[in-house]
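Student: I am sharing final_35.cif, which consists of mmCIF, C-alpha atoms:
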```
data_entry
#
loop_
_atom_site.label_atom_id
_atom_site.label_comp_id
_atom_site.auth_asym_id
_atom_site.auth_seq_id
_atom_site.Cartn_x
_atom_site.Cartn_y
_atom_site.Cartn_z
CA MET A 1 -6.16 0.84 -1.82
CA TYR A 2 -5.36 -2.01 -3.27
CA THR A 3 -3.52 -5.21 -3.14
CA GLN A 4 -4.42 -8.68 -4.13
CA ALA A 5 -2.56 -11.65 -2.79
CA MET A 6 0.50 -11.48 -4.96
CA ASP A 7 1.76 -15.03 -4.73
CA ILE A 8 0.88 -15.71 -8.31
CA PRO A 9 1.89 -19.14 -9.61
CA GLY A 10 4.33 -19.02 -12.49
CA GLN A 11 6.27 -16.18 -10.95
CA GLN A 12 9.69 -17.33 -9.96
CA GLN A 13 10.57 -17.36 -6.35
CA ALA A 14 14.21 -17.87 -5.45
CA ALA A 15 14.92 -21.19 -3.84
CA VAL A 16 15.40 -21.32 -0.10
CA SER A 17 18.00 -23.78 1.06
CA ALA A 18 17.15 -26.27 3.76
CA SER A 19 20.10 -25.78 6.09
CA LEU A 20 20.39 -22.36 7.67
CA SER A 21 23.60 -20.34 7.87
CA PRO A 22 24.31 -18.43 11.12
CA GLU A 23 22.97 -15.24 9.49
CA GLU A 24 19.83 -17.02 8.35
CA SER A 25 19.25 -18.48 11.80
CA GLY A 26 19.61 -15.02 13.35
CA PHE A 27 17.26 -13.57 10.76
CA GLN A 28 14.63 -16.27 11.28
CA ALA A 29 14.96 -15.97 15.07
CA CYS A 30 14.28 -12.23 14.81
CA ILE A 31 11.13 -12.89 12.78
CA ASP A 32 9.99 -15.75 15.01
CA SER A 33 10.17 -13.44 18.02
CA ASP A 34 8.00 -10.93 16.10
CA GLY A 35 10.98 -8.62 15.50
CA ARG A 36 11.33 -6.34 12.48
CA ILE A 37 13.91 -6.41 9.71
CA GLU A 38 15.28 -3.01 8.67
CA PRO A 39 16.92 -2.05 5.36
CA GLN A 40 20.55 -2.41 6.46
CA ASP A 41 20.01 -5.74 8.27
CA TRP A 42 21.15 -8.99 6.76
CA MET A 43 18.36 -10.80 4.93
CA PRO A 44 18.18 -13.80 2.62
CA GLU A 45 18.23 -12.86 -1.06
CA ALA A 46 14.92 -14.67 -1.58
CA TYR A 47 13.27 -12.57 1.16
CA ARG A 48 14.53 -9.40 -0.49
CA LYS A 49 13.34 -10.50 -3.92
CA THR A 50 9.92 -11.55 -2.67
CA LEU A 51 9.44 -8.22 -0.93
CA VAL A 52 10.62 -6.14 -3.88
CA ARG A 53 8.17 -8.00 -6.08
CA GLN A 54 5.27 -7.72 -3.65
CA ILE A 55 5.84 -4.09 -2.62
CA SER A 56 6.41 -2.87 -6.17
CA GLN A 57 3.32 -4.72 -7.42
CA HIS A 58 1.41 -3.19 -4.57
CA ALA A 59 2.70 0.27 -5.54
CA HIS A 60 1.77 -0.32 -9.18
CA SER A 61 -1.73 -1.31 -8.06
CA GLU A 62 -2.14 1.98 -6.22
CA VAL A 63 -0.99 3.93 -9.26
CA VAL A 64 -3.12 2.03 -11.77
CA GLY A 65 -5.98 2.16 -9.26
CA MET A 66 -6.21 5.88 -9.89
CA LEU A 67 -7.31 5.29 -13.47
CA PRO A 68 -10.79 3.72 -13.19
CA GLU A 69 -11.79 6.40 -10.68
CA GLY A 70 -9.98 9.24 -12.41
CA ASN A 71 -12.33 8.62 -15.32
CA TRP A 72 -15.21 9.79 -13.15
CA ILE A 73 -13.78 13.00 -11.68
CA SER A 74 -15.18 15.12 -14.49
CA ARG A 75 -18.54 13.31 -14.33
CA ALA A 76 -19.11 13.21 -10.58
CA PRO A 77 -22.76 14.05 -9.81
CA SER A 78 -22.02 17.01 -7.51
CA LEU A 79 -19.19 19.29 -6.46
CA LYS A 80 -19.07 17.50 -3.09
CA ARG A 81 -18.68 14.07 -4.72
CA LYS A 82 -16.08 15.49 -7.07
CA ALA A 83 -13.98 16.93 -4.24
CA ILE A 84 -14.21 13.59 -2.39
CA LEU A 85 -13.19 11.64 -5.47
CA ILE A 86 -10.24 13.92 -6.18
CA ALA A 87 -9.07 13.50 -2.58
CA LYS A 88 -9.39 9.74 -2.84
CA VAL A 89 -7.50 9.54 -6.14
CA GLN A 90 -4.78 11.76 -4.67
CA ASP A 91 -4.53 9.36 -1.72
CA GLU A 92 -4.03 6.44 -4.10
CA GLY A 93 -1.17 8.29 -5.76
CA GLY A 94 0.29 8.99 -2.32
CA HIS A 95 0.00 5.31 -1.37
CA GLY A 96 1.92 4.42 -4.50
CA LEU A 97 4.67 6.81 -3.46
CA TYR A 98 4.93 5.43 0.09
CA LEU A 99 5.23 1.95 -1.34
CA TYR A 100 7.76 2.76 -4.06
CA SER A 101 9.91 4.36 -1.34
CA ALA A 102 9.62 1.22 0.79
CA ALA A 103 10.72 -0.93 -2.16
CA GLU A 104 13.66 1.38 -2.81
CA THR A 105 15.00 0.68 0.69
CA LEU A 106 15.56 -2.88 -0.58
CA GLY A 107 17.76 -1.68 -3.42
CA ALA A 108 15.14 -1.53 -6.16
CA SER A 109 15.39 1.63 -8.26
CA ARG A 110 12.36 3.78 -9.00
CA GLU A 111 13.42 3.84 -12.65
CA GLU A 112 13.34 0.09 -12.98
CA MET A 113 10.03 -0.25 -11.18
CA ILE A 114 8.34 2.33 -13.38
CA GLN A 115 9.87 0.73 -16.44
CA ALA A 116 8.60 -2.69 -15.33
CA LEU A 117 5.06 -1.33 -14.96
CA ASN A 118 5.04 0.64 -18.19
CA SER A 119 6.49 -2.18 -20.26
CA GLY A 120 3.82 -4.56 -18.98
CA LYS A 121 6.39 -6.79 -17.30
CA ALA A 122 5.15 -6.08 -13.77
CA LYS A 123 1.76 -7.15 -12.49
CA TYR A 124 -0.75 -5.04 -10.61
CA SER A 125 -4.04 -5.93 -8.98
CA SER A 126 -6.28 -7.34 -11.71
CA ILE A 127 -9.36 -5.68 -10.23
CA PHE A 128 -8.43 -2.52 -12.18
CA ASN A 129 -8.72 -4.27 -15.48
CA TYR A 130 -12.50 -4.10 -15.27
CA PRO A 131 -14.45 -1.08 -16.51
CA THR A 132 -16.29 1.47 -14.34
CA LEU A 133 -19.53 1.75 -16.32
CA ASN A 134 -21.52 4.21 -14.26
CA TRP A 135 -21.42 6.32 -11.09
CA ALA A 136 -22.58 3.41 -8.91
CA ASP A 137 -19.36 1.61 -9.85
CA ILE A 138 -17.41 4.34 -8.07
CA GLY A 139 -19.41 3.78 -4.89
CA VAL A 140 -18.99 0.03 -5.18
CA ILE A 141 -15.24 0.36 -5.69
CA GLY A 142 -15.03 2.30 -2.44
CA TRP A 143 -17.26 -0.06 -0.52
CA LEU A 144 -16.18 -3.46 -1.85
CA VAL A 145 -12.82 -3.06 -3.59
CA ASP A 146 -11.39 -0.83 -0.88
CA GLY A 147 -13.11 -2.97 1.73
CA ALA A 148 -11.36 -6.07 0.38
CA ALA A 149 -8.08 -4.17 0.17
CA ILE A 150 -8.38 -3.07 3.81
CA MET A 151 -8.90 -6.72 4.85
CA ASN A 152 -5.74 -7.60 2.96
CA GLN A 153 -3.71 -4.65 4.14
CA ILE A 154 -4.38 -4.59 7.87
CA PRO A 155 -2.29 -7.74 8.50
CA LEU A 156 0.51 -6.16 6.41
CA CYS A 157 0.87 -3.45 9.08
CA ARG A 158 2.57 -6.23 11.08
CA CYS A 159 4.78 -7.37 8.20
CA SER A 160 8.29 -8.32 9.28
CA TYR A 161 9.90 -5.75 6.98
CA GLY A 162 9.86 -2.43 8.84
CA PRO A 163 9.52 0.08 5.97
CA TYR A 164 6.68 -1.93 4.36
CA ALA A 165 4.85 -2.25 7.68
CA ARG A 166 5.21 1.48 8.36
CA ALA A 167 3.97 2.38 4.88
CA MET A 168 0.97 0.11 5.38
CA ILE A 169 0.08 1.73 8.70
CA ARG A 170 -0.07 5.06 6.92
CA VAL A 171 -2.09 3.58 4.06
CA CYS A 172 -4.59 1.85 6.33
CA LYS A 173 -5.22 5.06 8.28
CA GLU A 174 -6.26 6.78 5.07
CA GLU A 175 -8.12 3.83 3.62
CA SER A 176 -11.07 3.89 5.96
CA PHE A 177 -12.32 7.15 4.42
CA HIS A 178 -12.25 5.47 1.02
CA GLN A 179 -14.57 2.68 2.04
CA ARG A 180 -16.95 4.91 3.97
CA GLN A 181 -17.32 7.49 1.23
CA GLY A 182 -18.18 4.72 -1.26
CA TYR A 183 -20.75 3.13 1.01
CA GLU A 184 -22.31 6.50 1.75
CA ALA A 185 -22.52 7.39 -1.95
CA LEU A 186 -24.40 4.11 -2.49
CA LEU A 187 -26.75 4.81 0.44
CA VAL A 188 -27.70 8.08 -1.22
CA MET A 189 -28.44 6.31 -4.51
CA MET A 190 -30.50 3.66 -2.71
CA ARG A 191 -32.75 6.43 -1.38
CA GLY A 192 -33.29 7.64 -4.96
CA THR A 193 -35.33 6.51 -7.93
CA PRO A 194 -35.90 2.85 -8.92
CA GLU A 195 -33.39 3.41 -11.73
CA GLN A 196 -30.73 4.59 -9.30
CA LYS A 197 -31.33 1.59 -7.04
CA GLN A 198 -31.06 -0.65 -10.07
CA MET A 199 -27.71 0.97 -10.96
CA VAL A 200 -26.35 0.11 -7.51
CA GLN A 201 -27.57 -3.49 -7.70
CA ASP A 202 -26.12 -3.86 -11.18
CA ALA A 203 -22.73 -2.54 -10.06
CA VAL A 204 -22.72 -4.86 -7.02
CA ASN A 205 -23.56 -7.79 -9.30
CA ARG A 206 -20.65 -7.00 -11.58
CA TRP A 207 -18.02 -6.40 -8.83
CA TRP A 208 -18.85 -8.90 -6.10
CA TRP A 209 -17.09 -11.98 -7.48
CA LYS A 210 -14.12 -9.97 -8.68
CA CYS A 211 -13.65 -8.64 -5.16
CA LEU A 212 -13.68 -12.16 -3.73
CA ALA A 213 -10.96 -13.11 -6.22
CA MET A 214 -8.83 -10.18 -5.03
CA PHE A 215 -7.76 -12.28 -2.03
CA GLY A 216 -5.87 -14.55 -4.37
CA PRO A 217 -6.11 -18.26 -5.14
CA PRO A 218 -7.41 -20.75 -2.57
CA ASP A 219 -4.85 -21.75 0.05
CA GLU A 220 -4.24 -25.17 -1.52
CA ASP A 221 -3.23 -23.44 -4.81
CA SER A 222 -1.04 -20.86 -3.11
CA PRO A 223 2.40 -22.42 -3.31
CA HIS A 224 4.38 -19.51 -1.87
CA SER A 225 2.11 -18.74 1.05
CA ALA A 226 3.89 -21.05 3.49
CA GLN A 227 7.24 -19.35 2.91
CA ALA A 228 5.69 -15.88 3.10
CA MET A 229 4.07 -16.88 6.40
CA LYS A 230 7.39 -18.20 7.74
CA TRP A 231 9.01 -14.89 6.81
CA GLY A 232 6.32 -12.88 8.54
CA ILE A 233 5.35 -11.19 5.26
CA LYS A 234 1.96 -12.82 5.17
CA ARG A 235 0.08 -13.26 8.43
CA ILE A 236 -3.35 -14.55 7.43
CA SER A 237 -4.15 -16.95 4.58
CA ASN A 238 -6.06 -15.97 1.41
CA ASP A 239 -9.08 -18.10 2.30
CA GLU A 240 -9.24 -16.82 5.85
CA LEU A 241 -9.17 -13.19 4.67
CA ARG A 242 -11.81 -13.92 2.03
CA GLN A 243 -14.07 -15.42 4.68
CA LYS A 244 -13.58 -12.42 6.96
CA PHE A 245 -14.51 -10.14 4.08
CA VAL A 246 -17.69 -12.07 3.26
CA ASP A 247 -18.72 -12.16 6.92
CA ALA A 248 -18.17 -8.41 7.28
CA THR A 249 -19.89 -7.49 4.02
CA VAL A 250 -23.15 -9.45 4.19
CA PRO A 251 -24.65 -7.31 7.00
CA GLN A 252 -23.50 -4.13 5.21
CA ALA A 253 -25.32 -5.27 2.06
CA LYS A 254 -28.45 -5.83 4.11
CA VAL A 255 -28.37 -2.28 5.51
CA LEU A 256 -27.76 -0.92 2.04
CA GLY A 257 -30.65 -2.95 0.65
CA VAL A 258 -28.82 -4.82 -2.10
CA THR A 259 -28.53 -8.52 -2.82
CA LEU A 260 -25.13 -10.15 -3.20
CA PRO A 261 -25.21 -12.20 -6.42
CA ASP A 262 -24.58 -15.63 -4.94
CA PRO A 263 -27.42 -18.16 -4.52
CA ASP A 264 -25.16 -20.24 -2.26
CA LEU A 265 -24.54 -17.42 0.18
CA LYS A 266 -25.99 -18.40 3.55
CA TRP A 267 -25.13 -18.38 7.24
CA ASN A 268 -23.60 -21.61 8.49
CA ASP A 269 -24.45 -21.94 12.14
CA GLU A 270 -21.96 -24.73 12.70
CA ARG A 271 -19.00 -22.81 11.25
CA GLN A 272 -20.26 -19.45 12.51
CA HIS A 273 -19.43 -18.07 9.07
CA TYR A 274 -21.24 -17.42 5.81
CA ASP A 275 -20.90 -20.14 3.17
CA PHE A 276 -20.46 -18.89 -0.36
CA GLY A 277 -20.35 -20.33 -3.87
CA PRO A 278 -17.35 -21.21 -6.05
CA ILE A 279 -15.24 -18.45 -7.64
CA ASP A 280 -14.56 -18.47 -11.38
CA TRP A 281 -10.76 -18.67 -11.25
CA GLN A 282 -10.41 -19.02 -14.99
CA GLU A 283 -11.68 -15.48 -15.44
CA PHE A 284 -9.26 -14.28 -12.74
CA TRP A 285 -6.26 -15.91 -14.39
CA ASP A 286 -7.24 -14.65 -17.84
CA THR A 287 -7.26 -11.13 -16.45
CA VAL A 288 -3.98 -11.61 -14.58
CA GLN A 289 -2.44 -12.87 -17.81
CA GLY A 290 -3.39 -9.62 -19.53
CA ASN A 291 -6.65 -10.54 -21.23
CA GLY A 292 -9.14 -8.70 -19.04
CA PRO A 293 -11.49 -6.14 -20.59
CA CYS A 294 -9.29 -3.11 -19.75
CA ASN A 295 -5.69 -4.38 -19.39
CA ARG A 296 -4.47 -2.70 -22.56
CA GLU A 297 -6.38 0.52 -22.01
CA ARG A 298 -5.13 0.93 -18.44
CA LEU A 299 -1.51 0.40 -19.36
CA ALA A 300 -1.75 2.67 -22.38
CA THR A 301 -3.26 5.44 -20.22
CA ARG A 302 -0.54 4.99 -17.64
CA VAL A 303 2.25 5.10 -20.24
CA LYS A 304 0.73 8.18 -21.88
CA ALA A 305 0.54 9.99 -18.53
CA HIS A 306 4.17 9.12 -17.90
CA THR A 307 5.31 10.21 -21.34
CA ASP A 308 3.23 13.39 -21.25
CA GLY A 309 4.82 14.25 -17.90
CA GLN A 310 8.37 13.98 -19.17
CA TRP A 311 8.68 17.71 -19.88
CA VAL A 312 7.68 18.50 -16.28
CA ARG A 313 10.39 16.24 -14.90
CA ASP A 314 12.91 17.70 -17.35
CA ALA A 315 11.91 21.25 -16.45
CA ALA A 316 12.27 20.56 -12.72
CA VAL A 317 15.79 19.25 -13.27
CA ALA A 318 16.72 22.20 -15.50
CA HIS A 319 15.36 24.61 -12.91
CA ALA A 320 17.27 22.92 -10.08
CA GLN A 321 20.49 23.00 -12.09
CA LYS A 322 20.03 26.67 -12.95
CA GLN A 323 19.37 27.57 -9.32
CA ALA A 324 22.39 25.59 -8.18
CA ALA A 325 24.60 27.26 -10.79
CA ARG A 326 23.34 30.70 -9.77
CA ALA A 327 24.00 30.01 -6.07
CA HIS A 328 27.45 28.76 -6.96
CA LYS A 329 28.19 31.93 -8.94
CA GLU A 330 27.00 34.21 -6.13
CA ALA A 331 29.18 32.35 -3.65
CA ALA A 332 32.26 32.66 -5.88
CA MET B 333 9.05 5.33 -24.51
CA ASN B 334 11.13 7.60 -22.38
CA THR B 335 11.89 5.99 -19.06
CA THR B 336 14.44 8.39 -17.60
CA ALA B 337 11.72 8.94 -15.03
CA LEU B 338 13.41 10.12 -11.89
CA LYS B 339 17.01 9.39 -12.66
CA ASP B 340 18.10 12.94 -12.02
CA TRP B 341 15.79 13.51 -9.09
CA PRO B 342 17.69 12.60 -5.95
CA LEU B 343 16.09 10.91 -2.95
CA TRP B 344 15.15 13.01 0.09
CA GLU B 345 14.25 11.91 3.60
CA VAL B 346 11.23 13.67 5.06
CA PHE B 347 10.78 14.63 8.72
CA ILE B 348 7.53 16.05 10.08
CA ARG B 349 6.81 17.93 13.28
CA SER B 350 3.27 16.80 14.07
CA LYS B 351 2.57 19.67 16.42
CA GLN B 352 4.30 22.60 18.02
CA GLY B 353 6.41 21.41 20.93
CA LEU B 354 7.15 17.95 19.52
CA GLU B 355 10.29 16.88 17.66
CA HIS B 356 10.48 16.29 13.92
CA LYS B 357 10.06 12.60 13.20
CA HIS B 358 11.13 10.65 10.13
CA CYS B 359 8.09 9.72 8.06
CA GLY B 360 9.39 8.57 4.69
CA SER B 361 11.21 9.60 1.58
CA LEU B 362 10.57 10.95 -1.90
CA HIS B 363 12.30 11.98 -5.11
CA ALA B 364 12.59 15.67 -6.03
CA ALA B 365 14.77 17.81 -8.24
CA ASP B 366 15.76 20.22 -5.48
CA ALA B 367 15.05 21.17 -1.87
CA ALA B 368 12.20 23.54 -2.67
CA GLN B 369 10.43 20.91 -4.75
CA ALA B 370 11.11 18.28 -2.09
CA LEU B 371 9.34 20.47 0.49
CA ARG B 372 6.37 21.06 -1.78
CA MET B 373 6.05 17.37 -2.56
CA ALA B 374 6.49 16.37 1.08
CA ARG B 375 3.55 18.62 1.89
CA ASP B 376 1.37 16.84 -0.68
CA VAL B 377 2.56 13.33 0.06
CA TYR B 378 2.84 13.35 3.85
CA THR B 379 0.57 16.09 5.22
CA ARG B 380 -2.72 15.79 3.36
CA ARG B 381 -4.60 15.51 6.67
CA GLN B 382 -2.86 18.11 8.78
CA GLU B 383 -0.27 15.62 9.99
CA GLY B 384 2.28 18.37 10.46
CA VAL B 385 3.11 21.97 11.23
CA SER B 386 6.69 21.84 9.98
CA ILE B 387 8.67 19.79 7.47
CA TRP B 388 12.38 19.06 7.11
CA VAL B 389 13.79 17.49 3.96
CA VAL B 390 17.34 16.14 3.86
CA PRO B 391 19.14 14.62 0.88
CA SER B 392 19.27 10.90 1.70
CA ALA B 393 22.88 10.79 0.50
CA ASN B 394 23.85 13.18 3.33
CA ILE B 395 22.76 10.83 6.08
CA THR B 396 25.48 8.79 7.77
CA ALA B 397 24.08 5.73 9.51
CA SER B 398 25.62 3.32 11.98
CA ASN B 399 26.32 -0.13 10.62
CA PRO B 400 23.88 -2.76 11.93
CA ASP B 401 26.78 -5.24 12.05
CA ASN B 402 28.30 -3.05 14.78
CA LYS B 403 25.13 -3.11 16.83
CA GLY B 404 26.85 -5.20 19.49
CA GLU B 405 29.97 -3.13 20.02
CA LEU B 406 28.06 0.12 19.77
CA PHE B 407 25.15 -0.55 22.06
CA ASP B 408 25.93 -3.54 24.27
CA PRO B 409 28.45 -1.68 26.52
CA SER B 410 25.61 0.27 28.09
CA ALA B 411 23.72 -2.92 28.93
CA ASP B 412 25.79 -3.68 32.05
CA LYS B 413 25.77 -0.11 33.39
CA ILE B 414 22.54 -0.50 35.24
CA TYR B 415 23.73 2.09 37.77
CA ARG B 416 22.80 4.67 35.14
CA HIS B 417 19.15 4.03 35.86
CA PRO B 418 17.33 5.47 38.87
CA THR B 419 15.85 2.07 39.80
CA PHE B 420 19.37 0.80 40.62
CA TYR B 421 19.27 2.69 43.91
CA ASP B 422 17.41 1.50 47.00
CA ILE B 423 15.86 4.42 48.82
CA PRO B 424 13.84 3.88 52.03
CA ASP B 425 10.10 4.12 51.48
CA GLU B 426 9.71 6.88 54.07
CA VAL B 427 11.71 9.21 51.84
CA GLY B 428 8.74 9.26 49.50
CA HIS B 429 9.00 10.25 45.87
CA MET B 430 12.52 11.06 44.73
#
```
Now, as a test, write the supplied structure out as C-alpha cells.
Tutor:
Amino acid sequence: MYTQAMDIPGQQQAAVSASLSPEESGFQACIDSDGRIEPQDWMPEAYRKTLVRQISQHAHSEVVGMLPEGNWISRAPSLKRKAILIAKVQDEGGHGLYLYSAAETLGASREEMIQALNSGKAKYSSIFNYPTLNWADIGVIGWLVDGAAIMNQIPLCRCSYGPYARAMIRVCKEESFHQRQGYEALLVMMRGTPEQKQMVQDAVNRWWWKCLAMFGPPDEDSPHSAQAMKWGIKRISNDELRQKFVDATVPQAKVLGVTLPDPDLKWNDERQHYDFGPIDWQEFWDTVQGNGPCNRERLATRVKAHTDGQWVRDAAVAHAQKQAARAHKEAA
Amino acid sequence: MNTTALKDWPLWEVFIRSKQGLEHKHCGSLHAADAAQALRMARDVYTRRQEGVSIWVVPSANITASNPDNKGELFDPSADKIYRHPTFYDIPDEVGHM
C-alpha cells in the first residue's frame, strides 16, 4: 500500500555541502544520467540516511496498514470477501518485508527498525491512525487509500536507489488488485439498500480529505523535496501527485454514484484539471505528531503482536540449532 | 518489551525460477532461522501469485561479490576487444545470413 510523502518538517536531514568531492560528482553524474545506485556503490551519507528513513517508514506503513483491515477479516460479509481481504492483508505484510530488506541493503538492521517502530520513535503513514468504522470503510481504503498510494508509489519504481526501485516495482504490480477489489466491493454496496449506499457515502466523506493529505504538505512547505528530487528519490512533487489523484478519482466517483465531500471541487477548463478546496493541515500534523484517533491503539496492537510472536521466533531458532547439532553429530 | 526480533535469524538471498526452462533469478532477501524455514518463507513472500516453479535460498553471508571500486579494472579490459563481437567482421551481402 501505502506511503505518504515522508519529507516531514522537523525531521533532521543531514546537511549537504555545497562543493562536491570527486565521489560526489560521480554519484550525481550517475543520477543525472538516470543511472541507478546499488548497495556497494559510494553514496553521500545524507543520501543513505534519507533513504533509510524513507524506506523504513514506508515498510512500517505497510506493516501498520495491516491493522485497520485485519480488524475486518472476521467480520467480512461473505467468504469471498474474507478470502480477498486475507490475501490483501498478506500482501501488505509482504510489502513490508520487501521494503525492510531494501533498507537493510543500506546498513540498517531489522532489529533497529522494528525497535524504532515499536517504541514509537519511527513514523508511519498517518492514514492508519483513523478508525475503520464499518465494512464500507474497507472498500474505501482499497479504492481511495490504495489509489493514493499507487499514485505515490509508481514514480518510486524509477527511484535512483536500485533495491528500493525494484521493491516498488513488485509492490506496484500487486497493488492494482487492492484498489480494484475495494472499488468493486463499493459497487456492490451501491447496488444495495439505501442504508448500504449511505454507508458508502459516509465512508467516502470521512476518508476523502485524509487521502488528499497522504500526498504530504504543499510543495512550498516541503523543504526537503528539492534535495530528494536532485537525488532522484522523488520524481514528482506532492502537489502534482495530489492533482493527478483528484483528476483520476472524480470520474470514478461518478461511476460509483457517490459525491466527493468538497463544495469547491469543479473542473477548470483553463487548467484542464479539477480545482479542489483547502486541506486541513492542522489535523494532518496533529495525527503525524501522535494525536490521531487511533495512534496509540495501532502501536499497542503492533507491539502486542510482536511480543506475542516472540516464542515462535525463539522456537524457530531452537529448532534450527537442534537440527544443526544433529547434522554435526551424524557427520562426526 | 522484547526486541531481540530477528537477531538470530540470518539473512538469506532468494532466487526464483519463474518457469521451467528459465534460469533462477535473484528476487530479494529475507530472514529465517534455517534453510527449510527460508524456503517456506520465500514461498509466502515471493511466490504468492505463481511467480515461480522453483526456489533457491542462499545464506547472504556466503555470497562473495566483486568490489564496485574495481569496476574499471575488472570490466573495462573487454571494452576494446570489439573483435569478440560478430559485428566486427565485414561479410559480403551475397553471403546472406551468417
Student: Listing only residues of chain B within 12 Å of chain A, what is the closest atom pair and its distance in Å (to one decimal) for each, using all atoms listed in the file, sorted by chain and residue number ascending, as CSV?
Tutor:
```
residue,atom,partner,partner_atom,distance
B:Met333,CA,A:Thr307,CA,6.9
B:Asn334,CA,A:Thr307,CA,6.5
B:Thr335,CA,A:Gln115,CA,6.2
B:Thr336,CA,A:Glu111,CA,6.8
B:Ala337,CA,A:Glu111,CA,5.9
B:Leu338,CA,A:Glu111,CA,6.3
B:Lys339,CA,A:Glu111,CA,6.6
B:Asp340,CA,A:Val317,CA,6.8
B:Trp341,CA,A:Val317,CA,7.1
B:Pro342,CA,A:Val317,CA,10.1
B:Leu343,CA,A:Ser101,CA,9.1
B:Trp344,CA,A:Ser101,CA,10.2
B:Glu345,CA,A:Ser101,CA,10.0
B:Val346,CA,A:Ser101,CA,11.4
B:His358,CA,A:Arg166,CA,11.1
B:Cys359,CA,A:Arg166,CA,8.7
B:Gly360,CA,A:Tyr98,CA,7.1
B:Ser361,CA,A:Ser101,CA,6.1
B:Leu362,CA,A:Ser101,CA,6.6
B:His363,CA,A:Ser101,CA,8.8
B:Ala364,CA,A:Ala316,CA,8.3
B:Ala365,CA,A:Val317,CA,5.3
B:Asp366,CA,A:Ala320,CA,5.5
B:Ala367,CA,A:Ala320,CA,8.7
B:Ala368,CA,A:Ala320,CA,9.0
B:Gln369,CA,A:Ala316,CA,8.2
B:Ala370,CA,A:Ala316,CA,10.9
B:Met373,CA,A:Gly94,CA,10.2
B:Ala374,CA,A:Gly94,CA,10.2
B:Arg375,CA,A:Gly94,CA,11.0
B:Asp376,CA,A:Gly94,CA,8.1
B:Val377,CA,A:Gly94,CA,5.4
B:Tyr378,CA,A:Gly94,CA,8.0
B:Thr379,CA,A:Gly94,CA,10.4
B:Arg380,CA,A:Asp91,CA,8.4
B:Arg381,CA,A:Glu174,CA,9.0
B:Glu383,CA,A:Arg170,CA,11.0
B:Ser392,CA,A:Thr105,CA,11.1
B:Ala397,CA,A:Gln40,CA,9.4
B:Ser398,CA,A:Gln40,CA,9.4
B:Asn399,CA,A:Gln40,CA,7.5
B:Pro400,CA,A:Asp41,CA,6.1
B:Asp401,CA,A:Asp41,CA,7.8
B:Asn402,CA,A:Asp41,CA,10.9
B:Lys403,CA,A:Asp41,CA,10.3
```
Student: Name the residues that the PyMOL selection byres ((chain A and resi 236) around 10) picks from the file above, as a tab-separated table (two decimals) with C-alpha atoms, keeping the file's coordinate frame, using the file's chain letters and numbers.
Tutor:
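Wrote it out as result-v6.tsv, contents follow:
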```
chain	number	residue	atom	x	y	z
A	151	MET	CA	-8.90	-6.72	4.85
A	152	ASN	CA	-5.74	-7.60	2.96
A	155	PRO	CA	-2.29	-7.74	8.50
A	156	LEU	CA	0.51	-6.16	6.41
A	225	SER	CA	2.11	-18.74	1.05
A	229	MET	CA	4.07	-16.88	6.40
A	232	GLY	CA	6.32	-12.88	8.54
A	233	ILE	CA	5.35	-11.19	5.26
A	234	LYS	CA	1.96	-12.82	5.17
A	235	ARG	CA	0.08	-13.26	8.43
A	237	SER	CA	-4.15	-16.95	4.58
A	238	ASN	CA	-6.06	-15.97	1.41
A	239	ASP	CA	-9.08	-18.10	2.30
A	240	GLU	CA	-9.24	-16.82	5.85
A	241	LEU	CA	-9.17	-13.19	4.67
```
Student: May I ask for the distance between atom CA of Gly257 of chain A and atom CA of Leu67 of chain A, given in Å to one decimal place?
Tutor: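 So the two atoms, atom CA of Gly257 of chain A and atom CA of Leu67 of chain A, lie 28.5 Å apart.
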Student: Near Gly120 of chain A, counting all atoms listed in the file, which residues have an atom at most 10 Å away, once you skip same-chain residues fewer than 4 positions from it, shown as a list in words?
Tutor: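 Residues meeting the cut-off are Ile114, Gln115, Ala116, Tyr124, Gly290, Asn295, Arg296, Leu299, Ala300 and Val303 of chain A.
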Student: Give the answer as one residue: which of A:Trp72, A:Phe276, A:Trp207, A:Phe27 has the shortest atom-to-atom distance to Phe128 of chain A, using only C-alpha atoms?
Tutor: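 Using only C-alpha atoms, the shortest distance to Phe128 of chain A belongs to A:Trp207.
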Student: For a test of reading the model, state the distance in Å between atom CA of Ala248 of chain A and atom CA of Asp264 of chain A, rounded to one decimal.
Tutor: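 So the two atoms, atom CA of Ala248 of chain A and atom CA of Asp264 of chain A, lie 16.7 Å apart.
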Student: Rounded to one decimal in Å, what is the spacing between atom CA of Glu270 of chain A and atom CA of Gln243 of chain A?
Tutor: 14.6 Å
Student: For segment 194-205 of chain A, take all atoms listed in the file, fit an axis-aligned box around them, add 6 Å to each of the six sides, then output centre and edge lengths in Å rounded to one decimal, as lines of an AutoDock Vina configuration file.
Tutor:
```
center_x = -29.3
center_y = -1.6
center_z = -9.4
size_x = 25.2
size_y = 24.4
size_z = 16.7
```
Student: Find the residues near Met430 of chain B: any atom within 12 Å, counting only C-alpha atoms, skip ones fewer than 6 places away on the same chain, and give them as an MDAnalysis selection string.
Tutor: chainID B and resid 418:419 421:424
Student: With the file shown as input, list the residues that the PyMOL selection byres ((chain A and resi 252) around 12) selects, as a list in words.
Tutor: Trp143, Leu144, Gly147, Gln179, Arg180, Tyr183, Glu184, Leu186, Leu187, Phe245, Val246, Asp247, Ala248, Thr249, Val250, Pro251, Ala253, Lys254, Val255, Leu256, Gly257, Val258, Thr259 and Leu260 of chain A
Student: Evaluate the PyMOL selection byres ((chain A and resi 61-63) around 6) against this structure - the residues, as a list in words, please.
Tutor: Tyr2, His58, Ala59, His60, Val64, Gly65, Met66, Glu92, Gly93, Gly96, Tyr124 and Ser125 of chain A
Student: Would you list the contacts of Gln196 of chain A as a list in words, taking every protein, DNA or RNA residue within 10 Å and counting all atoms listed in the file, but skipping same-chain residues closer than 6 positions in sequence?
Tutor: Trp135, Ala136, Leu186, Val188, Met189, Met190 and Asp202 of chain A
Student: For Gly384 of chain B, please output as a list in words all residues within 7 Å (counting only C-alpha atoms; exclusion window: fewer than 2 positions along the same chain).
Tutor: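 What passes the distance filter is Ile348, Arg349, Ser350, Lys351, Thr379, Gln382 and Ser386 of chain B.
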